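A.B. asks: Questions regarding the structure given below will be posed in turn.
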Amino acid sequence: MTIETDAPDDVVDPGPLTTGSRTTAVLGGVALVAIAVLALFGLVLSPADANQGEAVRILYVHVPSATAAYIGCFLTTTGSVLYLWRRSRWWELVAFAGAEVATLFTVITLVTGMLWGRPTWGVFWVWDARLTSTAMLLLLLLGYLAVRRLSADYEVRAKRAAIVGLLLVPNVIIVRQSVQWWRTLHQKPTLFSNGLDSRIEGLMLFSLFTGFIAIALVFLWLLIHRFRVAWLAEQVAEEGLEAAIAERRAEGASA
Amino acid sequence: MSTVVVGAIGGTWPYVIASWIFVFGSMGVFAAVTVVRGRRLSRRVPPERRRWS
Amino acid sequence: MWADAWLVAVKDLRIEFRSRVALNQVLPFALLVLVLFAFALDPDRGLLEKATPGLYWVAVLFSALLALGRSFSVESADGVRDALRLSGLPPVALWLGKVLSVAIQLLVLEVVLGAGIIVLYGTSVTGWPLLLMTIVVATVAIATAGTLYGVVAAGLRVRETLLPLLVLPVLAPVLIGSTRAFEAALGGTPSEGWPWVGLMSVFAAVYVVAGALGFGPLMEET
């Protein structure tokens, strides 16, 4: 028994013209709401800190951004391992997208860290463990991205980038540990305490919590979009290659 | 930790505002660039290959 | 496998012995860096003496970049890479051989630079065991990590600018550790230096494993 469909056979599903989808639209909407709530609580409703003054409001975006950056790095290493081990192209693209989004959040962490530091310590930069480690994280990520963005065919790029990506988390751990030892050996840690030791509670804790939610949603939204863009970029590259091969064959046939 | 330096730098609010503008501004720019690039690339790829399947 | 590795190392060292690039170019570069630091940090103000451990290891790192680049540029000529793949040498042996050759060149460099800082910066050496152990561990760390990232960057047109970007952030812990260990050794408090040697040993172990595992897949491609 044949089943007849309504659509005539020659209509092809046109396929999405953007990297957006219903999922990302919903996700994006919720993220915007979360940002609005964060702004309300972080900037208006929550009180200033006893020690840092209004500068504590910067931490509501600074701390979640740092976490987002580390999650991105974790995705890069995981994706790289799975690509090398299982040849999973999906995971390789996750690794790449994770690194790109992690780089954005690392820059955000650095800048907000510096803008927090100026009113609190009086200077834009100190060589304390956290800021220095974040700067190193940025450099490690830029190294990975440089390899991943080489102009070479996919296999070469992906494999080399995966080696670098696989070592990203170990490198971050070793660098953080050595920087921390270095900066705390001869210094009293309280000298450059960045204020997180002070008890954070009530509305301030809620603002921080909202910050985590909002940043996590934005992170996820950006990750999905970057993944799809990375996929499309590989498709375009393959198309280009296939077209060139077809041209050569056509030339050979007609000669 | 003293709050002595705060007054000397002309108040903390400018730094707070600058931070938040940078944070959401850079996210917005990143998002916009990504979406635009996604649209441009989608047009160059045949429909059946546009999404991971 | 060790015999094969030694074979590869000897090949590289023989190339070096005949071309004398490391001797004539990398070594002078290292000494030049020491001299430049003297220009940058006025010797009369005591900065040079205080900063000697750090300057020493920065000079080693920069020279290591040259040595690593050289180690891979000798492979890109005359279809050597294909010959290596056809030779049937296990990739691990190939990798170990390269590491050995780089490590030996670095050790020679470090000894000469050590003489350099004694002469040029007036360093008086104490704490020999710590100093020597630091040199050994740091050399293994630099050679293993550097060779692995060297393979990642090998054969690419952008190799010369990519390799420093990859290697230097990764080697930052080695710089921190070896400098602190040297400071402890030269400053008479060796007990503070040994934990750093431990950290660098962990680092070296990670990269020995990573290199042994990663070198093979990287050699497979065209």
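Residues are named by chain letter and number: chains run A, B, ... in the order of the structure tokens, numbers start at 1 in each chain, and ligands are numbered from 1 in the order shown.
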When the cut-off is 8 Å and we count only C-alpha atoms, which residues of chain A are near chain B, given as an MDAnalysis selection string?

C.D. replies: chainID A and resid 13:20 51:55 57:58 61 104 108 111:112 115:116 119:122 193 195 222 225:226 228:229 231:233 235:236 239

A.B. asks: Quick one: everything within 12 Å of Leu131 in chain A, counting only C-alpha atoms, minus sequence neighbours fewer than 2 positions away in the same chain. Send it as a PyMOL selection string.

C.D. replies: chain A and resi 62+66+106-117+124-129+133-138+176+179-180+183+192+194

A.B. asks: Could you give me, as a list of chain:residue names, the residues within 8 Å of Val140 in chain C, counting only C-alpha atoms and dropping anything in the same chain fewer than 4 positions from it?

C.D. replies: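 Counting only C-alpha atoms, the residues come to C:Ala103, C:Val136, C:Thr144, C:Ala204.
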
A.B. asks: Can you tell me which residues surround Pro164 in chain C at a distance of at most 9 Å, considering only C-alpha atoms, apart from same-chain residues fewer than 5 positions away, and format the answer as a list in words?

C.D. replies: Phe62, Leu65, Arg159 and Pro169 of chain C

A.B. asks: Write the residues of the preceding selection, restricted to all heavy atoms, as a PDB file, in the first residue's frame.

C.D. replies:
```pdb
ATOM      1  N   PHE C  62      64.642  31.714  24.758  1.00  0.00           N
ATOM      2  CA  PHE C  62      64.704  32.291  23.411  1.00  0.00           C
ATOM      3  C   PHE C  62      65.626  31.465  22.514  1.00  0.00           C
ATOM      4  O   PHE C  62      65.320  31.215  21.344  1.00  0.00           O
ATOM      5  CB  PHE C  62      65.199  33.737  23.476  1.00  0.00           C
ATOM      6  CG  PHE C  62      64.190  34.701  23.994  1.00  0.00           C
ATOM      7  CD1 PHE C  62      64.569  35.973  24.403  1.00  0.00           C
ATOM      8  CD2 PHE C  62      62.846  34.369  24.064  1.00  0.00           C
ATOM      9  CE1 PHE C  62      63.631  36.872  24.884  1.00  0.00           C
ATOM     10  CE2 PHE C  62      61.906  35.259  24.534  1.00  0.00           C
ATOM     11  CZ  PHE C  62      62.304  36.522  24.949  1.00  0.00           C
ATOM     12  N   LEU C  65      63.994  28.308  21.312  1.00  0.00           N
ATOM     13  CA  LEU C  65      63.116  28.496  20.162  1.00  0.00           C
ATOM     14  C   LEU C  65      63.896  28.353  18.867  1.00  0.00           C
ATOM     15  O   LEU C  65      63.438  27.706  17.916  1.00  0.00           O
ATOM     16  CB  LEU C  65      62.463  29.878  20.213  1.00  0.00           C
ATOM     17  CG  LEU C  65      61.337  30.070  21.216  1.00  0.00           C
ATOM     18  CD1 LEU C  65      60.883  31.514  21.211  1.00  0.00           C
ATOM     19  CD2 LEU C  65      60.164  29.165  20.882  1.00  0.00           C
ATOM     20  N   ARG C 159      55.365  28.639  10.449  1.00  0.00           N
ATOM     21  CA  ARG C 159      56.022  27.980  11.575  1.00  0.00           C
ATOM     22  C   ARG C 159      56.779  28.956  12.468  1.00  0.00           C
ATOM     23  O   ARG C 159      56.725  28.863  13.697  1.00  0.00           O
ATOM     24  CB  ARG C 159      56.976  26.887  11.076  1.00  0.00           C
ATOM     25  CG  ARG C 159      57.738  26.212  12.198  1.00  0.00           C
ATOM     26  CD  ARG C 159      58.722  25.174  11.680  1.00  0.00           C
ATOM     27  NE  ARG C 159      59.742  25.744  10.809  1.00  0.00           N
ATOM     28  CZ  ARG C 159      60.773  26.462  11.223  1.00  0.00           C
ATOM     29  NH1 ARG C 159      60.939  26.682  12.503  1.00  0.00           N
ATOM     30  NH2 ARG C 159      61.644  26.937  10.356  1.00  0.00           N
ATOM     31  N   PRO C 169      53.942  30.426  26.183  1.00  0.00           N
ATOM     32  CA  PRO C 169      52.983  30.365  27.299  1.00  0.00           C
ATOM     33  C   PRO C 169      53.035  29.023  28.015  1.00  0.00           C
ATOM     34  O   PRO C 169      52.928  28.953  29.239  1.00  0.00           O
ATOM     35  CB  PRO C 169      51.623  30.573  26.619  1.00  0.00           C
ATOM     36  CG  PRO C 169      51.925  31.209  25.331  1.00  0.00           C
ATOM     37  CD  PRO C 169      53.249  30.695  24.911  1.00  0.00           C
TER      38      PRO C 169
END
```

A.B. asks: Compile the residues of chain A that lie within 9 Å of chain C, evaluated using only C-alpha atoms, and express the compilation as a ChimeraX atom specification.

C.D. replies: /A:84,136-137,139-140,142-144,146-147,150,152,155-156,159-161,163-164,167,170-172,174-179,182

A.B. asks: Residues of the last selection are to be written out with N, CA, C and O atoms, as a short mmCIF file (atom, residue, chain, number, x, y, z; two decimals), in the first residue's frame.

C.D. replies:
```cif
data_model
loop_
_atom_site.label_atom_id
_atom_site.label_comp_id
_atom_site.auth_asym_id
_atom_site.auth_seq_id
_atom_site.Cartn_x
_atom_site.Cartn_y
_atom_site.Cartn_z
N LEU A 84 40.49 13.00 18.61
CA LEU A 84 41.67 12.17 18.37
C LEU A 84 41.38 10.70 18.60
O LEU A 84 41.90 9.83 17.93
N MET A 136 47.52 34.47 31.08
CA MET A 136 48.15 33.27 30.48
C MET A 136 47.11 32.44 29.77
O MET A 136 47.37 31.87 28.70
N LEU A 137 45.92 32.33 30.35
CA LEU A 137 44.84 31.57 29.72
C LEU A 137 44.54 32.14 28.34
O LEU A 137 44.38 31.39 27.37
N LEU A 139 46.55 33.74 26.37
CA LEU A 139 47.63 33.41 25.44
C LEU A 139 47.55 31.96 24.98
O LEU A 139 47.77 31.66 23.80
N LEU A 140 47.21 31.06 25.92
CA LEU A 140 47.09 29.65 25.54
C LEU A 140 45.96 29.46 24.53
O LEU A 140 46.08 28.70 23.57
N LEU A 142 44.78 31.72 22.44
CA LEU A 142 45.17 32.30 21.16
C LEU A 142 46.07 31.35 20.38
O LEU A 142 46.00 31.26 19.16
N GLY A 143 46.91 30.60 21.10
CA GLY A 143 47.75 29.61 20.43
C GLY A 143 46.91 28.53 19.77
O GLY A 143 47.13 28.17 18.61
N TYR A 144 45.93 28.02 20.52
CA TYR A 144 45.04 27.00 19.96
C TYR A 144 44.33 27.53 18.72
O TYR A 144 44.29 26.87 17.68
N ALA A 146 45.15 29.92 16.74
CA ALA A 146 46.06 30.13 15.61
C ALA A 146 46.26 28.83 14.83
O ALA A 146 46.28 28.84 13.60
N VAL A 147 46.40 27.72 15.54
CA VAL A 147 46.59 26.45 14.85
C VAL A 147 45.31 26.03 14.13
O VAL A 147 45.32 25.58 12.98
N LEU A 150 44.61 27.74 10.69
CA LEU A 150 45.60 27.69 9.61
C LEU A 150 44.91 27.49 8.27
O LEU A 150 43.83 26.93 8.20
N ALA A 152 44.90 25.26 5.66
CA ALA A 152 45.32 23.92 5.27
C ALA A 152 44.04 23.12 5.24
O ALA A 152 43.01 23.59 5.67
N GLU A 155 41.71 17.96 7.80
CA GLU A 155 42.36 16.91 8.59
C GLU A 155 43.62 17.42 9.27
O GLU A 155 43.88 17.15 10.43
N VAL A 156 44.43 18.15 8.49
CA VAL A 156 45.69 18.68 9.04
C VAL A 156 45.40 19.63 10.19
O VAL A 156 45.95 19.51 11.29
N LYS A 159 43.71 17.85 13.34
CA LYS A 159 44.57 16.99 14.15
C LYS A 159 45.58 17.81 14.95
O LYS A 159 45.80 17.58 16.13
N ARG A 160 46.21 18.76 14.30
CA ARG A 160 47.19 19.57 15.02
C ARG A 160 46.52 20.39 16.11
O ARG A 160 47.03 20.47 17.24
N ALA A 161 45.39 20.97 15.79
CA ALA A 161 44.69 21.77 16.80
C ALA A 161 44.26 20.88 17.96
O ALA A 161 44.29 21.31 19.12
N ILE A 163 45.77 18.29 19.18
CA ILE A 163 46.90 18.07 20.09
C ILE A 163 47.05 19.26 21.02
O ILE A 163 47.24 19.11 22.24
N VAL A 164 46.98 20.45 20.44
CA VAL A 164 47.11 21.65 21.26
C VAL A 164 45.92 21.75 22.23
O VAL A 164 46.09 22.06 23.41
N LEU A 167 45.96 19.46 25.28
CA LEU A 167 46.87 19.91 26.34
C LEU A 167 46.42 21.20 27.00
O LEU A 167 47.07 21.67 27.93
N PRO A 170 45.42 20.66 30.86
CA PRO A 170 46.64 20.42 31.65
C PRO A 170 47.53 21.64 31.75
O PRO A 170 48.05 21.95 32.84
N ASN A 171 47.71 22.35 30.63
CA ASN A 171 48.54 23.55 30.68
C ASN A 171 47.96 24.58 31.62
O ASN A 171 48.68 25.21 32.41
N VAL A 172 46.66 24.80 31.53
CA VAL A 172 46.01 25.79 32.40
C VAL A 172 46.23 25.42 33.86
O VAL A 172 46.55 26.27 34.69
N ILE A 174 48.66 23.56 35.20
CA ILE A 174 50.06 23.72 35.60
C ILE A 174 50.42 25.20 35.73
O ILE A 174 51.10 25.61 36.68
N VAL A 175 49.96 26.00 34.79
CA VAL A 175 50.27 27.44 34.83
C VAL A 175 49.65 28.08 36.07
O VAL A 175 50.30 28.83 36.80
N ARG A 176 48.39 27.77 36.33
CA ARG A 176 47.73 28.34 37.50
C ARG A 176 48.46 27.96 38.77
O ARG A 176 48.68 28.78 39.67
N GLN A 177 48.84 26.71 38.86
CA GLN A 177 49.51 26.24 40.08
C GLN A 177 50.84 26.95 40.27
O GLN A 177 51.17 27.42 41.36
N SER A 178 51.62 27.05 39.19
CA SER A 178 52.94 27.66 39.34
C SER A 178 52.81 29.15 39.62
O SER A 178 53.56 29.69 40.44
N VAL A 179 51.87 29.83 38.97
CA VAL A 179 51.67 31.26 39.23
C VAL A 179 51.23 31.47 40.68
O VAL A 179 51.70 32.39 41.36
N TRP A 182 54.09 30.99 43.05
CA TRP A 182 55.00 32.10 42.85
C TRP A 182 54.53 33.34 43.61
O TRP A 182 55.31 33.99 44.29
#
```

A.B. asks: Can you list, as a count of residues only, every protein, DNA or RNA residue that comes within 12 Å of Leu27 in chain C when you count only C-alpha atoms, leaving out same-chain residues fewer than 6 positions away?

C.D. replies: 21

A.B. asks: For each of C:Leu13, C:Ala181, C:Ala115, C:Met219, take the minimum atom-to-atom distance to Arg70 in chain C, counting only C-alpha atoms, then give the residue where this is smallest.

C.D. replies: C:Leu13

A.B. asks: So how far away is CA of Ala40 in chain C from CA of Ile117 in chain C, in Å?

C.D. replies: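 Atom-to-atom, CA of Ile117 in chain C to CA of Ala40 in chain C, that is 15.5 Å.
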
A.B. asks: Using DSSP secondary structure from the backbone, list all helix (DSSP H, G or I) positions within range 21-148 of chain A, as a VMD selection string.

C.D. replies: chain A and resid 22 to 45 56 to 86 89 to 121 129 to 148

A.B. asks: I'd like the neighbourhood of Gly42 in chain A as a list in words, where a residue qualifies if any of its atoms comes within 7 Å (using only C-alpha atoms), though same-chain residues fewer than 4 positions away should be ignored.

C.D. replies: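 Result of the neighbour search: Leu38, Ser46, Arg57, Tyr60 and Ser207 of chain A.
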